[in-house]
Amino acid sequence: MSQTRTKLPDPKSIHTIVFDFDGVFTDNKVYLDSQGSEFVRCDRADGLGIDLLKRYAVSAGITQELLILSTEKNPIVAFRARKLGLDCHQAIGDKLGFLRQHLEKKQTEKKAEAEDPFKRLIYLGNDLNDLPVIEAAGFSVAPSDAHPLVKKQASVVMEQTGGNGFVRAFVEEFLSVNRLSLGGLYELVSDRGNRN
Ligand SMILES: [Mg+2]
């Protein structure tokens, strides 16, 4: 359940879902050892959430691009993205500029009808550097421990915090998982192997 009453958009209407990494897939903390190695903590529940999104797109016959955009450049992000099977772009100082270019290129390649490329995009982010994209995105989602200004601007604020099932909760609400039949649910979760 989300904290706000705003309804998430119809999944079939969305062509792109963009995830910030720190504070979305993690609790925004970094653990350091004496050698300077960094560790973060992710939530396995989010892995199944990403699988649900992908399987839903296949079963609905739609193309939905899923990608991680991170300001930081850290091999941990690339590693987690690979495990989740998500495209990942790092060291992106200007997320809005990057996305604008990326989406316009995609629009040109697909010869898609001219519309605001952000209109059917969902962005999930937690901090001030996400605000420009949150403002541009047709729909945006924040965890409950996001910066107050992000929570104020986001279309929906979930009850969950970053790295603690936030992504999973978004996916379940987005796909209305609680309204699926058991058969439909099994279809989405079956044969996922042991990836995440
Ligand atoms: Mg962040």
# chains A, B, ... in the order shown; residues from 1 in each chain; ligands from 1
$ residues_near_ligand --ligand "ligand 1" --cutoff "6 Å" --atoms "only C-alpha atoms and all ligand atoms" --output "PyMOL selection string"
chain A and resi 20-23+125-127
$ residues_around --residues "Leu128 in chain A" --least-positions-apart "4" --cutoff "10 Å" --atoms "only C-alpha atoms" --output "PDB file with N, CA, C and O atoms, in the first residue's frame"
ATOM      1  N   PRO A 132      15.078  16.897 -10.444  1.00  0.00           N
ATOM      2  CA  PRO A 132      14.769  17.325 -11.817  1.00  0.00           C
ATOM      3  C   PRO A 132      14.039  16.244 -12.613  1.00  0.00           C
ATOM      4  O   PRO A 132      13.108  16.549 -13.370  1.00  0.00           O
ATOM      5  N   ILE A 134      12.279  13.733 -11.286  1.00  0.00           N
ATOM      6  CA  ILE A 134      10.974  13.523 -10.657  1.00  0.00           C
ATOM      7  C   ILE A 134       9.971  14.553 -11.183  1.00  0.00           C
ATOM      8  O   ILE A 134       8.813  14.243 -11.448  1.00  0.00           O
ATOM      9  N   ALA A 146      12.754   8.966   1.895  1.00  0.00           N
ATOM     10  CA  ALA A 146      13.341   9.901   0.922  1.00  0.00           C
ATOM     11  C   ALA A 146      13.447  11.287   1.553  1.00  0.00           C
ATOM     12  O   ALA A 146      12.831  11.575   2.595  1.00  0.00           O
ATOM     13  N   HIS A 147      14.214  12.150   0.899  1.00  0.00           N
ATOM     14  CA  HIS A 147      14.308  13.540   1.362  1.00  0.00           C
ATOM     15  C   HIS A 147      12.911  14.166   1.336  1.00  0.00           C
ATOM     16  O   HIS A 147      12.129  13.898   0.417  1.00  0.00           O
ATOM     17  N   PRO A 148      12.595  15.005   2.337  1.00  0.00           N
ATOM     18  CA  PRO A 148      11.248  15.608   2.394  1.00  0.00           C
ATOM     19  C   PRO A 148      10.821  16.294   1.099  1.00  0.00           C
ATOM     20  O   PRO A 148       9.647  16.212   0.703  1.00  0.00           O
ATOM     21  N   LEU A 149      11.751  16.949   0.417  1.00  0.00           N
ATOM     22  CA  LEU A 149      11.374  17.641  -0.826  1.00  0.00           C
ATOM     23  C   LEU A 149      11.038  16.650  -1.933  1.00  0.00           C
ATOM     24  O   LEU A 149      10.191  16.912  -2.787  1.00  0.00           O
ATOM     25  N   VAL A 150      11.707  15.502  -1.913  1.00  0.00           N
ATOM     26  CA  VAL A 150      11.420  14.454  -2.898  1.00  0.00           C
ATOM     27  C   VAL A 150      10.027  13.878  -2.610  1.00  0.00           C
ATOM     28  O   VAL A 150       9.220  13.678  -3.526  1.00  0.00           O
TER      29      VAL A 150
END
$ residues_around --residues "range 183-187 of chain A" --least-positions-apart "6" --cutoff "12 Å" --atoms "only C-alpha atoms" --output "PyMOL selection string"
chain A and resi 51-52+55-56+58-60+172+175-177
$ write_last_selection --atoms "all heavy atoms" --output "short mmCIF file (atom, residue, chain, number, x, y, z; two decimals), in the first residue's frame"
data_model
loop_
_atom_site.label_atom_id
_atom_site.label_comp_id
_atom_site.auth_asym_id
_atom_site.auth_seq_id
_atom_site.Cartn_x
_atom_site.Cartn_y
_atom_site.Cartn_z
N ASP A 51 11.82 -9.37 -11.51
CA ASP A 51 11.40 -10.50 -12.35
C ASP A 51 9.92 -10.39 -12.69
O ASP A 51 9.50 -10.67 -13.82
CB ASP A 51 11.64 -11.82 -11.61
CG ASP A 51 13.05 -12.32 -11.84
OD1 ASP A 51 13.83 -11.63 -12.51
OD2 ASP A 51 13.36 -13.43 -11.35
N LEU A 52 9.11 -10.01 -11.71
CA LEU A 52 7.67 -9.87 -11.95
C LEU A 52 7.42 -8.85 -13.05
O LEU A 52 6.59 -9.06 -13.95
CB LEU A 52 6.95 -9.44 -10.67
CG LEU A 52 6.82 -10.48 -9.56
CD1 LEU A 52 6.22 -9.85 -8.31
CD2 LEU A 52 5.95 -11.65 -10.00
N ARG A 55 8.39 -10.35 -16.44
CA ARG A 55 7.46 -11.40 -16.88
C ARG A 55 6.11 -10.81 -17.26
O ARG A 55 5.46 -11.27 -18.18
CB ARG A 55 7.29 -12.44 -15.78
CG ARG A 55 8.48 -13.35 -15.69
CD ARG A 55 8.28 -14.41 -14.63
NE ARG A 55 9.26 -15.45 -14.80
CZ ARG A 55 9.08 -16.52 -15.56
NH1 ARG A 55 7.95 -16.69 -16.20
NH2 ARG A 55 10.02 -17.41 -15.69
N TYR A 56 5.73 -9.79 -16.53
CA TYR A 56 4.45 -9.14 -16.86
C TYR A 56 4.53 -8.55 -18.28
O TYR A 56 3.61 -8.73 -19.08
CB TYR A 56 4.12 -8.03 -15.85
CG TYR A 56 3.00 -7.17 -16.36
CD1 TYR A 56 1.68 -7.61 -16.25
CD2 TYR A 56 3.25 -5.98 -17.03
CE1 TYR A 56 0.64 -6.86 -16.79
CE2 TYR A 56 2.21 -5.24 -17.57
CZ TYR A 56 0.92 -5.68 -17.44
OH TYR A 56 -0.10 -4.96 -17.98
N VAL A 58 6.38 -9.42 -20.76
CA VAL A 58 6.35 -10.49 -21.77
C VAL A 58 4.92 -11.00 -21.94
O VAL A 58 4.41 -11.10 -23.06
CB VAL A 58 7.29 -11.65 -21.36
CG1 VAL A 58 7.09 -12.85 -22.28
CG2 VAL A 58 8.74 -11.20 -21.40
N SER A 59 4.24 -11.27 -20.81
CA SER A 59 2.90 -11.84 -20.92
C SER A 59 1.91 -10.83 -21.49
O SER A 59 0.94 -11.22 -22.15
CB SER A 59 2.41 -12.38 -19.57
OG SER A 59 2.23 -11.31 -18.68
N ALA A 60 2.15 -9.54 -21.28
CA ALA A 60 1.24 -8.53 -21.82
C ALA A 60 1.64 -8.12 -23.23
O ALA A 60 0.94 -7.33 -23.87
CB ALA A 60 1.25 -7.30 -20.91
N GLU A 172 4.48 -4.58 -6.88
CA GLU A 172 3.23 -5.28 -6.55
C GLU A 172 2.02 -4.37 -6.71
O GLU A 172 0.97 -4.80 -7.17
CB GLU A 172 3.31 -5.86 -5.14
CG GLU A 172 4.34 -6.98 -5.05
CD GLU A 172 4.03 -8.01 -4.00
OE1 GLU A 172 2.92 -7.97 -3.43
OE2 GLU A 172 4.89 -8.87 -3.75
N LEU A 175 1.51 -3.62 -10.58
CA LEU A 175 0.92 -4.74 -11.33
C LEU A 175 -0.35 -5.26 -10.68
O LEU A 175 -0.92 -6.26 -11.13
CB LEU A 175 1.94 -5.89 -11.45
CG LEU A 175 3.28 -5.57 -12.13
CD1 LEU A 175 4.16 -6.81 -12.20
CD2 LEU A 175 3.07 -4.99 -13.53
N SER A 176 -0.78 -4.62 -9.61
CA SER A 176 -1.97 -5.08 -8.86
C SER A 176 -1.88 -6.57 -8.55
O SER A 176 -2.82 -7.33 -8.81
CB SER A 176 -3.25 -4.79 -9.64
OG SER A 176 -3.33 -3.44 -9.98
N VAL A 177 -0.72 -6.96 -8.02
CA VAL A 177 -0.47 -8.39 -7.77
C VAL A 177 -1.53 -9.00 -6.85
O VAL A 177 -1.92 -10.15 -7.01
CB VAL A 177 0.96 -8.56 -7.18
CG1 VAL A 177 1.14 -9.91 -6.52
CG2 VAL A 177 1.99 -8.38 -8.29
#
$ closest_residue --among "A:Thr26, A:Ser144, A:Gln64, A:Asn74" --to "Asp43 in chain A" --atoms "only C-alpha atoms"
A:Thr26
$ select_by_dssp --residues "range 42-147 of chain A" --states "strand (DSSP E or B)" --output "list in words"
Cys42, Glu65, Leu66, Leu67, Ile68, Leu69, Asp87, Cys88, His89, Leu121, Ile122, Tyr123, Leu124, Phe139, Ser140, Val141 and Ala142 of chain A
$ write_last_selection --atoms "all heavy atoms" --output "short mmCIF file (atom, residue, chain, number, x, y, z; two decimals), in the first residue's frame"
data_model
loop_
_atom_site.label_atom_id
_atom_site.label_comp_id
_atom_site.auth_asym_id
_atom_site.auth_seq_id
_atom_site.Cartn_x
_atom_site.Cartn_y
_atom_site.Cartn_z
N CYS A 42 21.27 -5.00 0.00
CA CYS A 42 20.10 -4.96 -0.88
C CYS A 42 19.04 -5.93 -0.35
O CYS A 42 19.32 -6.72 0.54
CB CYS A 42 20.49 -5.34 -2.31
SG CYS A 42 21.70 -4.22 -3.05
N GLU A 65 11.30 -0.66 -21.02
CA GLU A 65 12.72 -0.59 -20.68
C GLU A 65 12.87 -0.33 -19.18
O GLU A 65 12.21 0.55 -18.62
CB GLU A 65 13.39 0.55 -21.47
CG GLU A 65 14.88 0.58 -21.23
CD GLU A 65 15.61 1.66 -22.01
OE1 GLU A 65 14.95 2.62 -22.45
OE2 GLU A 65 16.84 1.53 -22.15
N LEU A 66 13.74 -1.13 -18.55
CA LEU A 66 14.00 -0.97 -17.12
C LEU A 66 15.47 -0.62 -16.96
O LEU A 66 16.32 -1.37 -17.43
CB LEU A 66 13.71 -2.27 -16.36
CG LEU A 66 12.36 -2.96 -16.61
CD1 LEU A 66 12.30 -4.28 -15.86
CD2 LEU A 66 11.21 -2.06 -16.17
N LEU A 67 15.78 0.47 -16.31
CA LEU A 67 17.19 0.79 -16.14
C LEU A 67 17.51 1.50 -14.83
O LEU A 67 16.64 2.17 -14.26
CB LEU A 67 17.75 1.58 -17.32
CG LEU A 67 17.31 3.00 -17.59
CD1 LEU A 67 18.44 3.77 -18.23
CD2 LEU A 67 16.13 3.00 -18.53
N ILE A 68 18.76 1.29 -14.40
CA ILE A 68 19.26 1.95 -13.19
C ILE A 68 20.13 3.13 -13.62
O ILE A 68 20.97 2.99 -14.50
CB ILE A 68 20.11 0.97 -12.35
CG1 ILE A 68 19.22 -0.12 -11.75
CG2 ILE A 68 20.86 1.72 -11.25
CD1 ILE A 68 19.99 -1.20 -10.97
N LEU A 69 19.90 4.28 -13.00
CA LEU A 69 20.74 5.47 -13.23
C LEU A 69 21.35 5.86 -11.91
O LEU A 69 20.63 6.12 -10.95
CB LEU A 69 19.87 6.64 -13.68
CG LEU A 69 19.57 6.88 -15.14
CD1 LEU A 69 19.08 8.31 -15.33
CD2 LEU A 69 20.76 6.60 -16.02
N ASP A 87 19.66 -2.84 -17.22
CA ASP A 87 20.66 -1.95 -17.79
C ASP A 87 21.05 -0.95 -16.71
O ASP A 87 20.23 -0.57 -15.88
CB ASP A 87 20.07 -1.19 -18.99
CG ASP A 87 19.95 -2.09 -20.20
OD1 ASP A 87 20.69 -3.09 -20.26
OD2 ASP A 87 19.10 -1.79 -21.06
N CYS A 88 22.30 -0.52 -16.77
CA CYS A 88 22.78 0.35 -15.71
C CYS A 88 23.68 1.43 -16.29
O CYS A 88 24.58 1.13 -17.09
CB CYS A 88 23.55 -0.53 -14.73
SG CYS A 88 24.46 0.37 -13.50
N HIS A 89 23.46 2.66 -15.93
CA HIS A 89 24.31 3.77 -16.34
C HIS A 89 24.78 4.48 -15.08
O HIS A 89 23.96 4.89 -14.26
CB HIS A 89 23.55 4.74 -17.24
CG HIS A 89 23.04 4.09 -18.49
ND1 HIS A 89 23.79 3.99 -19.63
CD2 HIS A 89 21.86 3.47 -18.76
CE1 HIS A 89 23.10 3.34 -20.56
NE2 HIS A 89 21.92 3.01 -20.05
N LEU A 121 6.86 7.59 -18.53
CA LEU A 121 8.02 7.09 -17.79
C LEU A 121 7.74 7.16 -16.29
O LEU A 121 7.14 8.14 -15.81
CB LEU A 121 9.24 7.94 -18.15
CG LEU A 121 10.54 7.69 -17.39
CD1 LEU A 121 11.74 7.87 -18.34
CD2 LEU A 121 10.74 8.60 -16.19
N ILE A 122 8.17 6.12 -15.57
CA ILE A 122 8.08 6.15 -14.11
C ILE A 122 9.49 6.23 -13.56
O ILE A 122 10.39 5.51 -14.01
CB ILE A 122 7.40 4.88 -13.55
CG1 ILE A 122 5.96 4.79 -14.05
CG2 ILE A 122 7.41 4.89 -12.01
CD1 ILE A 122 5.21 3.55 -13.54
N TYR A 123 9.71 7.13 -12.60
CA TYR A 123 11.02 7.27 -11.99
C TYR A 123 10.93 6.98 -10.50
O TYR A 123 10.03 7.47 -9.82
CB TYR A 123 11.56 8.69 -12.21
CG TYR A 123 12.97 8.84 -11.72
CD1 TYR A 123 14.04 8.37 -12.47
CD2 TYR A 123 13.23 9.43 -10.48
CE1 TYR A 123 15.34 8.48 -12.01
CE2 TYR A 123 14.54 9.55 -10.01
CZ TYR A 123 15.58 9.07 -10.78
OH TYR A 123 16.87 9.17 -10.33
N LEU A 124 11.87 6.17 -10.00
CA LEU A 124 11.92 5.88 -8.57
C LEU A 124 13.22 6.47 -8.01
O LEU A 124 14.31 6.08 -8.45
CB LEU A 124 11.90 4.37 -8.29
CG LEU A 124 10.58 3.65 -8.56
CD1 LEU A 124 10.46 3.24 -10.03
CD2 LEU A 124 10.45 2.41 -7.67
N PHE A 139 5.34 10.06 -14.01
CA PHE A 139 4.97 9.49 -12.72
C PHE A 139 6.24 9.22 -11.94
O PHE A 139 7.24 8.77 -12.49
CB PHE A 139 4.19 8.19 -12.93
CG PHE A 139 3.20 7.95 -11.85
CD1 PHE A 139 1.91 8.47 -11.92
CD2 PHE A 139 3.57 7.24 -10.71
CE1 PHE A 139 1.01 8.28 -10.89
CE2 PHE A 139 2.66 7.04 -9.69
CZ PHE A 139 1.37 7.56 -9.78
N SER A 140 6.21 9.49 -10.63
CA SER A 140 7.41 9.26 -9.82
C SER A 140 7.02 8.67 -8.47
O SER A 140 5.94 8.93 -7.94
CB SER A 140 8.16 10.58 -9.61
OG SER A 140 7.27 11.56 -9.12
N VAL A 141 7.94 7.86 -7.95
CA VAL A 141 7.67 7.12 -6.71
C VAL A 141 8.86 7.28 -5.77
O VAL A 141 10.02 7.15 -6.20
CB VAL A 141 7.43 5.62 -7.01
CG1 VAL A 141 6.91 4.90 -5.77
CG2 VAL A 141 6.46 5.43 -8.17
N ALA A 142 8.59 7.54 -4.51
CA ALA A 142 9.66 7.70 -3.52
C ALA A 142 9.43 6.76 -2.34
O ALA A 142 8.29 6.44 -2.01
CB ALA A 142 9.68 9.15 -3.03
#
$ closest_residue --among "A:Leu48, A:Ala136, A:Ala91, A:Leu99" --to "Leu188 in chain A" --atoms "only C-alpha atoms"
A:Leu48
$ closest_residue --among "A:Lys54, A:Lys29, A:Lys105, A:Lys12" --to "Leu86 in chain A" --atoms "only C-alpha atoms"
A:Lys54
$ residues_around --residues "Asp46 in chain A" --least-positions-apart "6" --cutoff "8 Å" --atoms "only C-alpha atoms" --output "compact mmCIF listing (two decimals) with all heavy atoms, in the first residue's frame"
# COMPACT_ATOMS: atom_id res chain seq x y z
N PHE A 25 17.40 0.76 -4.09
CA PHE A 25 17.71 -0.67 -3.92
C PHE A 25 18.49 -0.92 -2.63
O PHE A 25 18.71 -2.07 -2.26
CB PHE A 25 18.53 -1.17 -5.12
CG PHE A 25 17.71 -1.41 -6.35
CD1 PHE A 25 17.75 -0.54 -7.42
CD2 PHE A 25 16.88 -2.53 -6.43
CE1 PHE A 25 16.99 -0.77 -8.55
CE2 PHE A 25 16.12 -2.76 -7.58
CZ PHE A 25 16.17 -1.88 -8.63
N GLY A 165 12.40 -3.49 0.71
CA GLY A 165 11.18 -3.89 0.00
C GLY A 165 10.47 -2.77 -0.72
O GLY A 165 9.34 -2.95 -1.19
N PHE A 166 11.12 -1.62 -0.85
CA PHE A 166 10.47 -0.48 -1.53
C PHE A 166 10.17 -0.80 -2.99
O PHE A 166 9.05 -0.61 -3.48
CB PHE A 166 11.37 0.76 -1.39
CG PHE A 166 11.06 1.85 -2.38
CD1 PHE A 166 9.79 2.43 -2.43
CD2 PHE A 166 12.03 2.32 -3.26
CE1 PHE A 166 9.50 3.44 -3.35
CE2 PHE A 166 11.75 3.32 -4.17
CZ PHE A 166 10.49 3.87 -4.22
N VAL A 167 11.17 -1.32 -3.69
CA VAL A 167 10.98 -1.62 -5.12
C VAL A 167 9.92 -2.71 -5.28
O VAL A 167 9.02 -2.62 -6.13
CB VAL A 167 12.32 -2.06 -5.77
CG1 VAL A 167 12.10 -2.57 -7.19
CG2 VAL A 167 13.31 -0.89 -5.78
N ARG A 168 10.00 -3.72 -4.44
CA ARG A 168 9.04 -4.82 -4.50
C ARG A 168 7.61 -4.31 -4.29
O ARG A 168 6.67 -4.71 -5.00
CB ARG A 168 9.41 -5.86 -3.45
CG ARG A 168 8.41 -6.97 -3.26
CD ARG A 168 8.26 -7.81 -4.53
NE ARG A 168 7.48 -8.99 -4.23
CZ ARG A 168 8.01 -10.12 -3.79
NH1 ARG A 168 9.32 -10.24 -3.62
NH2 ARG A 168 7.24 -11.15 -3.53
$ residues_around --residues "Lys106 in chain A" --least-positions-apart "6" --cutoff "12 Å" --atoms "only C-alpha atoms" --output "JSON, numbers by chain"
{"A": [15, 16, 65, 99, 100, 112, 113, 114, 117, 118]}
$ write_last_selection --atoms "N, CA, C and O atoms" --output "JSON list (two decimals), in the first residue's frame"
[["chain", "number", "residue", "atom", "x", "y", "z"],
["A", 15, "HIS", "N", 6.38, 3.03, -20.96],
["A", 15, "HIS", "CA", 7.43, 2.46, -21.82],
["A", 15, "HIS", "C", 8.78, 2.36, -21.12],
["A", 15, "HIS", "O", 9.66, 1.64, -21.56],
["A", 16, "THR", "N", 8.96, 3.11, -20.03],
["A", 16, "THR", "CA", 10.27, 3.12, -19.37],
["A", 16, "THR", "C", 10.11, 3.24, -17.86],
["A", 16, "THR", "O", 9.31, 4.06, -17.39],
["A", 65, "GLU", "N", 11.30, -0.66, -21.02],
["A", 65, "GLU", "CA", 12.72, -0.59, -20.68],
["A", 65, "GLU", "C", 12.87, -0.33, -19.18],
["A", 65, "GLU", "O", 12.21, 0.55, -18.62],
["A", 99, "LEU", "N", 18.73, 11.31, -19.51],
["A", 99, "LEU", "CA", 17.47, 10.64, -19.88],
["A", 99, "LEU", "C", 16.83, 11.28, -21.10],
["A", 99, "LEU", "O", 16.28, 10.59, -21.97],
["A", 100, "ARG", "N", 16.89, 12.61, -21.15],
["A", 100, "ARG", "CA", 16.27, 13.31, -22.28],
["A", 100, "ARG", "C", 16.91, 12.82, -23.59],
["A", 100, "ARG", "O", 16.22, 12.46, -24.54],
["A", 112, "ALA", "N", 8.67, 6.68, -33.26],
["A", 112, "ALA", "CA", 7.45, 6.80, -32.46],
["A", 112, "ALA", "C", 6.83, 8.18, -32.65],
["A", 112, "ALA", "O", 7.51, 9.13, -33.03],
["A", 113, "GLU", "N", 5.54, 8.26, -32.37],
["A", 113, "GLU", "CA", 4.86, 9.54, -32.53],
["A", 113, "GLU", "C", 5.46, 10.54, -31.53],
["A", 113, "GLU", "O", 5.90, 10.17, -30.45],
["A", 114, "ALA", "N", 5.51, 11.79, -31.96],
["A", 114, "ALA", "CA", 6.12, 12.81, -31.12],
["A", 114, "ALA", "C", 5.24, 13.10, -29.91],
["A", 114, "ALA", "O", 4.12, 13.58, -30.04],
["A", 117, "PRO", "N", 8.66, 12.61, -24.17],
["A", 117, "PRO", "CA", 9.21, 11.28, -23.90],
["A", 117, "PRO", "C", 9.14, 10.88, -22.43],
["A", 117, "PRO", "O", 9.30, 9.70, -22.10],
["A", 118, "PHE", "N", 8.93, 11.87, -21.55],
["A", 118, "PHE", "CA", 8.87, 11.56, -20.12],
["A", 118, "PHE", "C", 7.45, 11.20, -19.66],
["A", 118, "PHE", "O", 7.25, 10.74, -18.54]]
$ atom_distance --atom1 "CA of Ser181 in chain A" --atom2 "CA of Pro11 in chain A"
17.5 Å
$ select_by_dssp --residues "range 58-115 of chain A" --states "alpha helix (DSSP H)" --output "list in words"
Val58, Ser59, Ala60, Pro75, Ile76, Val77, Ala78, Phe79, Arg80, Ala81, Arg82, Lys83, Leu84, Lys95, Leu96, Gly97, Phe98, Leu99, Arg100, Gln101, His102, Leu103, Glu104, Lys105, Lys106, Gln107, Thr108 and Glu109 of chain A
$ closest_residue --among "A:Leu103, A:Ile17, A:Ile62, A:Val133" --to "Phe170 in chain A" --atoms "only C-alpha atoms"
A:Ile17
$ atom_distance --atom1 "CA of Val156 in chain A" --atom2 "CA of Lys7 in chain A"
8.1 Å
$ atom_distance --atom1 "CA of Arg179 in chain A" --atom2 "CA of Val157 in chain A"
21.0 Å
